file query_6.pdb (PDB, C-alpha atoms)
MODEL        1
ATOM      1  CA  MET A   1       7.158   2.047 -15.167
ATOM      2  CA  PRO A   2       4.909   0.043 -17.522
ATOM      3  CA  SER A   3       3.755  -3.432 -16.603
ATOM      4  CA  LYS A   4       5.633  -6.295 -18.241
ATOM      5  CA  ALA A   5       3.929  -9.055 -20.203
ATOM      6  CA  VAL A   6       3.126 -12.011 -17.960
ATOM      7  CA  PRO A   7       3.667 -15.603 -19.183
ATOM      8  CA  VAL A   8       0.519 -17.736 -19.249
ATOM      9  CA  SER A   9       2.072 -19.957 -16.580
ATOM     10  CA  GLU A  10       2.006 -17.013 -14.196
ATOM     11  CA  MET A  11      -1.706 -16.222 -14.513
ATOM     12  CA  ARG A  12      -2.208 -16.581 -10.767
ATOM     13  CA  PHE A  13      -5.446 -14.658 -10.358
ATOM     14  CA  VAL A  14      -7.770 -15.900 -13.074
ATOM     15  CA  GLY A  15     -11.358 -15.657 -11.822
ATOM     16  CA  LYS A  16     -10.378 -13.593  -8.775
ATOM     17  CA  THR A  17     -11.744 -10.125  -8.068
ATOM     18  CA  VAL A  18      -9.359  -7.540  -6.653
ATOM     19  CA  VAL A  19     -10.443  -4.182  -5.225
ATOM     20  CA  VAL A  20      -7.716  -1.539  -4.952
ATOM     21  CA  THR A  21      -8.289   1.784  -3.183
ATOM     22  CA  GLY A  22      -6.252   4.824  -4.143
ATOM     23  CA  ALA A  23      -5.872   3.142  -7.525
ATOM     24  CA  GLY A  24      -6.026   6.238  -9.708
ATOM     25  CA  SER A  25      -2.248   6.648  -9.705
ATOM     26  CA  GLY A  26       1.071   5.412  -8.351
ATOM     27  CA  ILE A  27       1.247   2.136  -6.454
ATOM     28  CA  GLY A  28      -2.499   1.547  -6.726
ATOM     29  CA  ALA A  29      -2.591   1.983 -10.501
ATOM     30  CA  GLU A  30       0.438  -0.249 -11.069
ATOM     31  CA  THR A  31      -0.926  -2.893  -8.713
ATOM     32  CA  SER A  32      -4.259  -2.882 -10.531
ATOM     33  CA  ARG A  33      -2.600  -3.327 -13.915
ATOM     34  CA  ARG A  34      -0.401  -6.136 -12.641
ATOM     35  CA  PHE A  35      -3.322  -8.055 -11.118
ATOM     36  CA  ALA A  36      -5.298  -7.625 -14.327
ATOM     37  CA  ALA A  37      -2.342  -8.862 -16.376
ATOM     38  CA  GLU A  38      -2.493 -12.084 -14.367
ATOM     39  CA  GLY A  39      -6.171 -12.649 -15.005
ATOM     40  CA  ALA A  40      -7.948 -10.805 -12.167
ATOM     41  CA  ASN A  41     -11.117  -8.776 -12.387
ATOM     42  CA  VAL A  42     -10.066  -5.391 -11.026
ATOM     43  CA  VAL A  43     -12.020  -2.624  -9.310
ATOM     44  CA  ILE A  44     -10.255   0.741  -9.512
ATOM     45  CA  ALA A  45     -11.418   2.787  -6.524
ATOM     46  CA  ASP A  46     -10.282   6.366  -6.009
ATOM     47  CA  ILE A  47     -11.590   9.682  -4.696
ATOM     48  CA  ASP A  48     -10.615  11.120  -8.110
ATOM     49  CA  PHE A  49     -13.040   9.415 -10.486
ATOM     50  CA  VAL A  50     -11.362  10.916 -13.563
ATOM     51  CA  SER A  51      -8.062   9.275 -12.620
ATOM     52  CA  ALA A  52      -9.797   6.025 -11.679
ATOM     53  CA  SER A  53     -11.596   5.962 -15.021
ATOM     54  CA  ALA A  54      -8.364   6.595 -16.916
ATOM     55  CA  VAL A  55      -6.712   3.616 -15.226
ATOM     56  CA  ALA A  56      -9.811   1.457 -15.757
ATOM     57  CA  ASP A  57      -9.872   2.391 -19.443
ATOM     58  CA  SER A  58      -6.360   0.926 -19.769
ATOM     59  CA  ILE A  59      -7.516  -2.444 -18.373
ATOM     60  CA  ASP A  60      -9.959  -4.701 -20.192
ATOM     61  CA  GLY A  61     -13.108  -5.215 -18.126
ATOM     62  CA  ALA A  62     -12.020  -3.119 -15.141
ATOM     63  CA  LEU A  63     -14.575  -1.225 -13.074
ATOM     64  CA  ALA A  64     -13.917   2.347 -11.908
ATOM     65  CA  VAL A  65     -15.581   3.454  -8.678
ATOM     66  CA  LYS A  66     -15.480   6.848  -7.011
ATOM     67  CA  VAL A  67     -14.893   6.409  -3.292
ATOM     68  CA  ASP A  68     -13.720   8.566  -0.434
ATOM     69  CA  VAL A  69     -12.488   5.949   2.039
ATOM     70  CA  ARG A  70     -13.465   8.255   4.907
ATOM     71  CA  SER A  71     -17.107   7.572   4.025
ATOM     72  CA  ARG A  72     -18.593   4.324   5.316
ATOM     73  CA  GLU A  73     -21.469   4.660   2.871
ATOM     74  CA  GLN A  74     -19.150   5.026  -0.118
ATOM     75  CA  LEU A  75     -17.111   2.005   1.001
ATOM     76  CA  ARG A  76     -20.317  -0.006   1.241
ATOM     77  CA  SER A  77     -21.296   1.132  -2.255
ATOM     78  CA  MET A  78     -17.827   0.221  -3.554
ATOM     79  CA  VAL A  79     -18.156  -3.330  -2.291
ATOM     80  CA  ALA A  80     -21.742  -3.611  -3.521
ATOM     81  CA  ALA A  81     -20.689  -2.474  -7.002
ATOM     82  CA  SER A  82     -17.862  -5.030  -6.974
ATOM     83  CA  VAL A  83     -20.254  -7.823  -6.010
ATOM     84  CA  ASP A  84     -22.817  -6.753  -8.604
ATOM     85  CA  ARG A  85     -20.235  -6.681 -11.389
ATOM     86  CA  PHE A  86     -18.028  -9.630 -10.509
ATOM     87  CA  GLY A  87     -19.881 -11.687  -7.900
ATOM     88  CA  GLY A  88     -17.695 -11.018  -4.879
ATOM     89  CA  VAL A  89     -14.363  -9.727  -3.579
ATOM     90  CA  ASP A  90     -11.401 -12.078  -3.239
ATOM     91  CA  VAL A  91      -8.635  -9.551  -2.551
ATOM     92  CA  LEU A  92      -8.873  -6.093  -0.982
ATOM     93  CA  VAL A  93      -5.852  -3.805  -1.294
ATOM     94  CA  ASN A  94      -6.110  -0.855   1.116
ATOM     95  CA  ASN A  95      -3.782   1.589  -0.614
ATOM     96  CA  ALA A  96      -5.370   5.051  -0.240
ATOM     97  CA  MET A  97      -3.168   7.426   1.757
ATOM     98  CA  SER A  98      -3.059  10.877   3.307
ATOM     99  CA  CYS A  99       0.186  12.416   4.537
ATOM    100  CA  SER A 100       0.204  15.849   6.162
ATOM    101  CA  GLU A 101       3.419  17.823   5.766
ATOM    102  CA  THR A 102       2.792  20.350   8.558
ATOM    103  CA  PRO A 103       5.430  20.372  11.355
ATOM    104  CA  PHE A 104       4.379  18.613  14.576
ATOM    105  CA  LEU A 105       3.868  21.741  16.679
ATOM    106  CA  GLU A 106       1.777  23.371  13.952
ATOM    107  CA  ILE A 107      -0.342  20.507  12.628
ATOM    108  CA  THR A 108      -4.078  20.995  13.094
ATOM    109  CA  PRO A 109      -6.672  18.568  14.448
ATOM    110  CA  GLN A 110      -8.235  18.497  10.994
ATOM    111  CA  GLU A 111      -4.977  17.395   9.359
ATOM    112  CA  VAL A 112      -4.370  14.723  11.984
ATOM    113  CA  ALA A 113      -7.946  13.488  11.610
ATOM    114  CA  LYS A 114      -7.607  13.229   7.826
ATOM    115  CA  ASP A 115      -4.415  11.180   8.070
ATOM    116  CA  PHE A 116      -6.028   8.777  10.531
ATOM    117  CA  GLU A 117      -9.375   8.595   8.748
ATOM    118  CA  VAL A 118      -7.807   7.732   5.394
ATOM    119  CA  THR A 119      -5.003   5.517   6.697
ATOM    120  CA  VAL A 120      -6.645   3.561   9.528
ATOM    121  CA  MET A 121     -10.391   4.069   9.505
ATOM    122  CA  GLY A 122     -10.661   3.586   5.728
ATOM    123  CA  PRO A 123      -8.997   0.140   5.805
ATOM    124  CA  PHE A 124     -10.851  -0.697   9.045
ATOM    125  CA  PHE A 125     -14.293  -0.146   7.540
ATOM    126  CA  ALA A 126     -13.398  -1.379   4.043
ATOM    127  CA  SER A 127     -12.284  -4.641   5.652
ATOM    128  CA  GLN A 128     -15.487  -4.753   7.677
ATOM    129  CA  GLU A 129     -17.438  -4.491   4.434
ATOM    130  CA  VAL A 130     -15.622  -7.300   2.580
ATOM    131  CA  ILE A 131     -15.038  -9.825   5.371
ATOM    132  CA  PRO A 132     -18.604 -11.239   5.587
ATOM    133  CA  GLY A 133     -18.543 -11.992   1.865
ATOM    134  CA  MET A 134     -15.075 -13.513   2.112
ATOM    135  CA  ILE A 135     -16.233 -15.775   4.937
ATOM    136  CA  ALA A 136     -19.219 -16.881   2.854
ATOM    137  CA  ARG A 137     -16.900 -17.623  -0.106
ATOM    138  CA  GLY A 138     -14.500 -19.641   2.049
ATOM    139  CA  GLY A 139     -11.714 -17.104   2.396
ATOM    140  CA  GLY A 140      -9.961 -14.101   0.952
ATOM    141  CA  VAL A 141      -6.983 -11.793   1.246
ATOM    142  CA  ILE A 142      -6.716  -8.310   2.740
ATOM    143  CA  LEU A 143      -3.543  -6.354   1.982
ATOM    144  CA  ASN A 144      -2.650  -3.051   3.615
ATOM    145  CA  VAL A 145      -0.136  -0.628   2.150
ATOM    146  CA  SER A 146       1.664   0.655   5.215
ATOM    147  CA  SER A 147       5.033   2.465   5.344
ATOM    148  CA  VAL A 148       8.448   2.367   6.927
ATOM    149  CA  ASN A 149       7.134   5.400   8.820
ATOM    150  CA  GLY A 150       4.971   3.012  10.818
ATOM    151  CA  MET A 151       8.052   1.048  11.878
ATOM    152  CA  SER A 152      10.647   3.739  12.587
ATOM    153  CA  TYR A 153      10.890   7.534  12.668
ATOM    154  CA  PHE A 154      11.209   9.362   9.368
ATOM    155  CA  GLY A 155       9.071  12.447  10.057
ATOM    156  CA  ASN A 156       5.389  13.112   9.291
ATOM    157  CA  GLU A 157       4.211  12.284  12.798
ATOM    158  CA  ALA A 158       0.467  11.970  12.177
ATOM    159  CA  TYR A 159       0.983   9.853   9.059
ATOM    160  CA  SER A 160       3.533   7.704  10.881
ATOM    161  CA  ALA A 161       1.265   7.112  13.868
ATOM    162  CA  ALA A 162      -1.571   6.214  11.503
ATOM    163  CA  LYS A 163       0.593   3.713   9.617
ATOM    164  CA  ALA A 164       1.606   2.123  12.947
ATOM    165  CA  GLY A 165      -2.095   1.753  13.677
ATOM    166  CA  LEU A 166      -2.565   0.118  10.283
ATOM    167  CA  ASN A 167       0.151  -2.403  11.172
ATOM    168  CA  SER A 168      -1.721  -3.238  14.370
ATOM    169  CA  LEU A 169      -4.973  -3.637  12.439
ATOM    170  CA  THR A 170      -3.201  -6.014  10.061
ATOM    171  CA  ALA A 171      -2.237  -8.318  12.919
ATOM    172  CA  ALA A 172      -5.685  -8.113  14.510
ATOM    173  CA  LEU A 173      -7.520  -9.124  11.332
ATOM    174  CA  ALA A 174      -5.054 -11.920  10.633
ATOM    175  CA  ILE A 175      -5.588 -13.425  14.062
ATOM    176  CA  GLN A 176      -9.332 -12.959  14.274
ATOM    177  CA  PHE A 177     -10.258 -14.230  10.811
ATOM    178  CA  GLY A 178      -7.525 -16.726   9.994
ATOM    179  CA  ALA A 179      -9.766 -19.652  10.884
ATOM    180  CA  SER A 180     -12.240 -18.371   8.266
ATOM    181  CA  GLY A 181      -9.611 -18.659   5.537
ATOM    182  CA  ILE A 182      -8.822 -14.936   5.442
ATOM    183  CA  ARG A 183      -5.213 -13.823   5.350
ATOM    184  CA  CYS A 184      -4.227 -10.239   6.163
ATOM    185  CA  ASN A 185      -0.758  -8.845   5.527
ATOM    186  CA  ALA A 186       0.843  -5.472   4.922
ATOM    187  CA  VAL A 187       3.745  -4.091   2.954
ATOM    188  CA  ALA A 188       5.838  -1.219   4.269
ATOM    189  CA  PRO A 189       7.400   0.718   1.382
ATOM    190  CA  GLY A 190      10.139   3.271   1.715
ATOM    191  CA  SER A 191      10.363   6.229  -0.656
ATOM    192  CA  VAL A 192       8.608   5.316  -3.904
ATOM    193  CA  ALA A 193       8.664   7.482  -7.014
ATOM    194  CA  THR A 194       4.937   8.210  -7.144
ATOM    195  CA  GLU A 195       3.021  11.411  -7.824
ATOM    196  CA  TYR A 196       3.457  12.340  -4.139
ATOM    197  CA  TRP A 197       7.233  12.422  -4.543
ATOM    198  CA  ARG A 198       7.021  13.927  -8.030
ATOM    199  CA  ALA A 199       5.236  16.921  -6.507
ATOM    200  CA  ARG A 200       8.085  17.311  -4.026
ATOM    201  CA  GLU A 201      10.549  16.893  -6.895
ATOM    202  CA  ARG A 202       9.030  19.878  -8.681
ATOM    203  CA  ALA A 203       9.903  22.004  -5.652
ATOM    204  CA  ASP A 204      13.358  20.404  -5.297
ATOM    205  CA  PRO A 205      14.599  18.546  -8.396
ATOM    206  CA  THR A 206      17.227  16.704  -6.329
ATOM    207  CA  VAL A 207      14.893  15.330  -3.636
ATOM    208  CA  LEU A 208      14.746  11.752  -4.993
ATOM    209  CA  GLU A 209      18.474  11.733  -5.687
ATOM    210  CA  GLN A 210      19.101  12.825  -2.115
ATOM    211  CA  ALA A 211      16.703  10.210  -0.750
ATOM    212  CA  ALA A 212      18.405   7.459  -2.751
ATOM    213  CA  ARG A 213      21.623   7.984  -0.782
ATOM    214  CA  TRP A 214      19.967   6.626   2.367
ATOM    215  CA  TYR A 215      19.065   3.302   0.767
ATOM    216  CA  PRO A 216      21.600   0.445   0.779
ATOM    217  CA  LEU A 217      20.440  -0.569  -2.703
ATOM    218  CA  GLY A 218      21.223   2.934  -3.938
ATOM    219  CA  ARG A 219      17.830   3.903  -5.328
ATOM    220  CA  VAL A 220      14.306   4.794  -4.311
ATOM    221  CA  GLY A 221      11.514   2.380  -5.091
ATOM    222  CA  GLN A 222       9.222   2.176  -8.082
ATOM    223  CA  PRO A 223       5.503   1.331  -7.926
ATOM    224  CA  ALA A 224       6.295  -2.025  -9.546
ATOM    225  CA  ASP A 225       8.494  -2.965  -6.563
ATOM    226  CA  VAL A 226       5.550  -2.637  -4.205
ATOM    227  CA  ALA A 227       3.069  -4.192  -6.626
ATOM    228  CA  SER A 228       5.264  -7.297  -6.905
ATOM    229  CA  ALA A 229       5.268  -7.743  -3.136
ATOM    230  CA  LEU A 230       1.501  -7.280  -2.937
ATOM    231  CA  MET A 231       0.916  -9.851  -5.642
ATOM    232  CA  PHE A 232       3.143 -12.369  -3.887
ATOM    233  CA  LEU A 233       1.241 -11.895  -0.626
ATOM    234  CA  ALA A 234      -2.072 -12.293  -2.468
ATOM    235  CA  SER A 235      -0.968 -15.468  -4.219
ATOM    236  CA  GLU A 236      -1.054 -19.108  -3.198
ATOM    237  CA  ALA A 237       2.720 -18.938  -2.811
ATOM    238  CA  ALA A 238       2.023 -17.014   0.409
ATOM    239  CA  SER A 239      -0.779 -19.287   1.606
ATOM    240  CA  TRP A 240       0.865 -19.828   5.018
ATOM    241  CA  ILE A 241       1.802 -16.179   5.573
ATOM    242  CA  THR A 242      -0.495 -13.936   7.557
ATOM    243  CA  GLY A 243      -0.185 -11.103  10.044
ATOM    244  CA  VAL A 244       3.146  -9.844   8.712
ATOM    245  CA  VAL A 245       4.346  -6.388   7.745
ATOM    246  CA  LEU A 246       6.785  -6.926   4.875
ATOM    247  CA  PRO A 247       9.338  -4.124   4.400
ATOM    248  CA  VAL A 248       9.770  -3.206   0.735
ATOM    249  CA  GLU A 249      12.357  -0.512   1.208
ATOM    250  CA  GLY A 250      15.713  -1.219  -0.370
ATOM    251  CA  GLY A 251      17.301  -2.082   2.974
ATOM    252  CA  LEU A 252      16.484   1.203   4.710
ATOM    253  CA  LEU A 253      15.407  -0.411   7.981
ATOM    254  CA  ALA A 254      18.439  -2.700   8.154
ATOM    255  CA  GLY A 255      20.673   0.093   9.416
ATOM    256  CA  ASN A 256      22.252   3.463   8.739
ATOM    257  CA  LEU A 257      25.462   3.194   6.724
ATOM    258  CA  ALA A 258      26.255   6.902   7.020
ATOM    259  CA  MET A 259      25.926   6.670  10.801
ATOM    260  CA  ALA A 260      28.027   3.487  10.906
ATOM    261  CA  ARG A 261      30.781   5.124   8.881
ATOM    262  CA  GLY A 262      30.631   8.163  11.115
ATOM    263  CA  LEU A 263      31.020   6.009  14.228
ATOM    264  CA  VAL A 264      33.948   4.131  12.690
ATOM    265  CA  GLN A 265      35.591   7.395  11.706
ATOM    266  CA  ALA A 266      35.071   8.789  15.174
ATOM    267  CA  ARG A 267      36.593   5.638  16.675
ATOM    268  CA  ASP A 268      39.583   5.776  14.347
ATOM    269  CA  ASP A 269      40.089   9.482  15.013
ATOM    270  CA  GLY A 270      39.986   8.807  18.737
ATOM    271  CA  ALA A 271      42.540   6.011  18.424
ATOM    272  CA  HIS A 272      45.019   8.496  16.975
ATOM    273  CA  ASP A 273      44.580  11.179  19.611
TER     274      ASP A 273
ENDMDL
END

call {"tool": "encode", "arguments": {"input": "query_6.pdb", "output": "structure tokens"}}
result
Amino acid sequence: MPSKAVPVSEMRFVGKTVVVTGAGSGIGAETSRRFAAEGANVVIADIDFVSASAVADSIDGALAVKVDVRSREQLRSMVAASVDRFGGVDVLVNNAMSCSETPFLEITPQEVAKDFEVTVMGPFFASQEVIPGMIARGGGVILNVSSVNGMSYFGNEAYSAAKAGLNSLTAALAIQFGASGIRCNAVAPGSVATEYWRARERADPTVLEQAARWYPLGRVGQPADVASALMFLASEAASWITGVVLPVEGGLLAGNLAMARGLVQARDDGAHD
């Protein structure tokens, strides 16, 4: 979904520098474009430098950086490049993800390690790299892209456990560095029509249609839905919000309508026995 034109009155991030990991596609790419449309300097960080460069080429003045978030050295270089180009980092969006599909009893230590290294350790050390500079600049914002999987059970056990760890990290950073003017929040998307789901759709063309039935709003998310929430949390409108995990999931966590209807039906059937 292309970014919409932003009125001048909504240029909330003029002069700010935003670093987005996993920005070569999906939520990260849309978020980068939206921040740039509101005046931000944007650093497009991704393990796939070709994809990062393609996104950066679509944004005036953006910087593309190749980074594997599992590498502390590459994270340090990412932040250094951001400082060299733009003078500092005001907003860090930890968006890179890894989600193993192997069933629980078959998943390997290597797959579990990758999910945790990308999902928890990457944001942990990326935050460690930007926080000293944020403190020196008088504050900043760290945003973590979590998942409903970190809040309830929807499969993908290693990924889910890692996202729960990311939620805990969000609270820890918010508490520890709030007095330094640093806010840390997370968003928890449900199913979003990104390349990850498009790959699954190629195997089963009805997978997104089937997923949509579980959402009270009747559809899966779009990258723009998540980007809008991230931009709100980064903005001054959220200046007294920190340490939260904001569900962006079409009502999925509110309850299970199919289950509720089943229970009502079972009750009604029993009343007529």

call {"tool": "residues_near_point", "arguments": {"input": "query_6.pdb", "point": "(-0.8, 19.6, 10.7)", "cutoff": "12 Å", "atoms": "all atoms listed in the file", "output": "number ranges by chain"}}
result
A: 98-115, 156-159

call {"tool": "closest_residue", "arguments": {"input": "query_6.pdb", "among": "A:Gly61, A:Gly243, A:Gly22, A:Pro189", "to": "Pro123 of chain A", "atoms": "only C-alpha atoms"}}
result
A:Gly22

call {"tool": "closest_atom_pairs", "arguments": {"input": "query_6.pdb", "of": "segment 110-213 of chain A", "to": "segment 24-32 of chain A", "cutoff": "9 Å", "atoms": "all atoms listed in the file", "output": "Markdown table"}}
result
| residue | atom | partner | partner_atom | distance |
| --- | --- | --- | --- | --- |
| A:Val192 | CA | A:Ile27 | CA | 8.4 |
| A:Ala193 | CA | A:Gly26 | CA | 8.0 |
| A:Thr194 | CA | A:Gly26 | CA | 4.9 |
| A:Glu195 | CA | A:Gly26 | CA | 6.3 |
| A:Tyr196 | CA | A:Gly26 | CA | 8.5 |

call {"tool": "closest_residue", "arguments": {"input": "query_6.pdb", "among": "A:Ala179, A:Val130, A:Ala238, A:Gly15", "to": "Val93 of chain A", "atoms": "all atoms listed in the file"}}
result
A:Val130

call {"tool": "closest_residue", "arguments": {"input": "query_6.pdb", "among": "A:Phe35, A:Phe177, A:Phe86, A:Trp197", "to": "Ile135 of chain A", "atoms": "all atoms listed in the file"}}
result
A:Phe177

call {"tool": "resolve_selection", "arguments": {"input": "query_6.pdb", "expression": "the PyMOL selection byres ((chain A and resi 225) around 10)", "output": "list in words"}}
result
Ile27, Glu30, Thr31, Pro189, Val192, Val220, Gly221, Gln222, Pro223, Ala224, Val226, Ala227, Ser228, Ala229, Leu230, Val248, Glu249 and Gly250 of chain A

call {"tool": "residues_around", "arguments": {"input": "query_6.pdb", "residues": "Ile59 of chain A", "least_positions_apart": "4", "cutoff": "7 Å", "atoms": "only C-alpha atoms", "output": "mmCIF file with C-alpha atoms, keeping the file's coordinate frame"}}
result
data_model
loop_
_atom_site.group_PDB
_atom_site.id
_atom_site.type_symbol
_atom_site.label_atom_id
_atom_site.label_comp_id
_atom_site.auth_asym_id
_atom_site.auth_seq_id
_atom_site.Cartn_x
_atom_site.Cartn_y
_atom_site.Cartn_z
ATOM 1 C CA ARG A 33 -2.600 -3.327 -13.915
ATOM 2 C CA ALA A 36 -5.298 -7.625 -14.327
ATOM 3 C CA VAL A 55 -6.712 3.616 -15.226
#

call {"tool": "resolve_selection", "arguments": {"input": "query_6.pdb", "expression": "the PyMOL selection byres ((chain A and resi 146) around 6)", "output": "list in words"}}
result
Asn144, Val145, Ser147, Lys163, Val187 and Ala188 of chain A

call {"tool": "write_last_selection", "arguments": {"input": "query_6.pdb", "atoms": "C-alpha atoms", "output": "mmCIF file, keeping the file's coordinate frame"}}
result
data_model
loop_
_atom_site.group_PDB
_atom_site.id
_atom_site.type_symbol
_atom_site.label_atom_id
_atom_site.label_comp_id
_atom_site.auth_asym_id
_atom_site.auth_seq_id
_atom_site.Cartn_x
_atom_site.Cartn_y
_atom_site.Cartn_z
ATOM 1 C CA ASN A 144 -2.650 -3.051 3.615
ATOM 2 C CA VAL A 145 -0.136 -0.628 2.150
ATOM 3 C CA SER A 147 5.033 2.465 5.344
ATOM 4 C CA LYS A 163 0.593 3.713 9.617
ATOM 5 C CA VAL A 187 3.745 -4.091 2.954
ATOM 6 C CA ALA A 188 5.838 -1.219 4.269
#

call {"tool": "closest_residue", "arguments": {"input": "query_6.pdb", "among": "A:Ala52, A:Leu257, A:Ile175, A:Val18", "to": "Val79 of chain A", "atoms": "all atoms listed in the file"}}
result
A:Val18

call {"tool": "atom_distance", "arguments": {"input": "query_6.pdb", "atom1": "atom CA of Glu117 of chain A", "atom2": "atom CA of Lys66 of chain A"}}
result
17.0 Å

call {"tool": "atom_distance", "arguments": {"input": "query_6.pdb", "atom1": "atom CA of Gly190 of chain A", "atom2": "atom CA of Thr21 of chain A"}}
result
19.1 Å

call {"tool": "atom_distance", "arguments": {"input": "query_6.pdb", "atom1": "atom CA of Leu263 of chain A", "atom2": "atom CA of Trp214 of chain A"}}
result
16.2 Å

call {"tool": "axis_aligned_box", "arguments": {"input": "query_6.pdb", "around": "segment 180-192 of chain A", "padding_each_side": "6 Å", "output": "lines of an AutoDock Vina configuration file"}}
result
center_x = -0.9
center_y = -6.2
center_z = 2.2
size_x = 34.6
size_y = 36.9
size_z = 24.2

call {"tool": "residues_around", "arguments": {"input": "query_6.pdb", "residues": "Ala161 of chain A", "least_positions_apart": "6", "cutoff": "9 Å", "atoms": "all atoms listed in the file", "output": "PyMOL selection string"}}
result
chain A and resi 116+149-150

call {"tool": "closest_residue", "arguments": {"input": "query_6.pdb", "among": "A:Ala80, A:Val91, A:Tyr153, A:Ala260", "to": "Val20 of chain A", "atoms": "only C-alpha atoms"}}
result
A:Val91

call {"tool": "closest_residue", "arguments": {"input": "query_6.pdb", "among": "A:Ala199, A:Ser127, A:Ser180, A:Ser152", "to": "Gly255 of chain A", "atoms": "all atoms listed in the file"}}
result
A:Ser152

call {"tool": "residues_around", "arguments": {"input": "query_6.pdb", "residues": "Gly178 of chain A", "least_positions_apart": "3", "cutoff": "10 Å", "atoms": "all atoms listed in the file", "output": "list in words"}}
result
Gly139, Gly140, Ala172, Leu173, Ala174, Ile175, Gly181, Ile182, Arg183, Cys184, Thr242 and Gly243 of chain A

call {"tool": "resolve_selection", "arguments": {"input": "query_6.pdb", "expression": "the PyMOL selection byres ((chain A and resi 39) around 12)", "output": "PDB file with C-alpha atoms, keeping the file's coordinate frame"}}
result
ATOM      1  CA  ALA A   5       3.929  -9.055 -20.203  1.00  0.00           C
ATOM      2  CA  VAL A   6       3.126 -12.011 -17.960  1.00  0.00           C
ATOM      3  CA  PRO A   7       3.667 -15.603 -19.183  1.00  0.00           C
ATOM      4  CA  VAL A   8       0.519 -17.736 -19.249  1.00  0.00           C
ATOM      5  CA  SER A   9       2.072 -19.957 -16.580  1.00  0.00           C
ATOM      6  CA  GLU A  10       2.006 -17.013 -14.196  1.00  0.00           C
ATOM      7  CA  MET A  11      -1.706 -16.222 -14.513  1.00  0.00           C
ATOM      8  CA  ARG A  12      -2.208 -16.581 -10.767  1.00  0.00           C
ATOM      9  CA  PHE A  13      -5.446 -14.658 -10.358  1.00  0.00           C
ATOM     10  CA  VAL A  14      -7.770 -15.900 -13.074  1.00  0.00           C
ATOM     11  CA  GLY A  15     -11.358 -15.657 -11.822  1.00  0.00           C
ATOM     12  CA  LYS A  16     -10.378 -13.593  -8.775  1.00  0.00           C
ATOM     13  CA  THR A  17     -11.744 -10.125  -8.068  1.00  0.00           C
ATOM     14  CA  VAL A  18      -9.359  -7.540  -6.653  1.00  0.00           C
ATOM     15  CA  SER A  32      -4.259  -2.882 -10.531  1.00  0.00           C
ATOM     16  CA  ARG A  33      -2.600  -3.327 -13.915  1.00  0.00           C
ATOM     17  CA  ARG A  34      -0.401  -6.136 -12.641  1.00  0.00           C
ATOM     18  CA  PHE A  35      -3.322  -8.055 -11.118  1.00  0.00           C
ATOM     19  CA  ALA A  36      -5.298  -7.625 -14.327  1.00  0.00           C
ATOM     20  CA  ALA A  37      -2.342  -8.862 -16.376  1.00  0.00           C
ATOM     21  CA  GLU A  38      -2.493 -12.084 -14.367  1.00  0.00           C
ATOM     22  CA  ALA A  40      -7.948 -10.805 -12.167  1.00  0.00           C
ATOM     23  CA  ASN A  41     -11.117  -8.776 -12.387  1.00  0.00           C
ATOM     24  CA  VAL A  42     -10.066  -5.391 -11.026  1.00  0.00           C
ATOM     25  CA  ILE A  59      -7.516  -2.444 -18.373  1.00  0.00           C
ATOM     26  CA  ASP A  60      -9.959  -4.701 -20.192  1.00  0.00           C
ATOM     27  CA  GLY A  61     -13.108  -5.215 -18.126  1.00  0.00           C
ATOM     28  CA  ALA A  62     -12.020  -3.119 -15.141  1.00  0.00           C
TER      29      ALA A  62
END
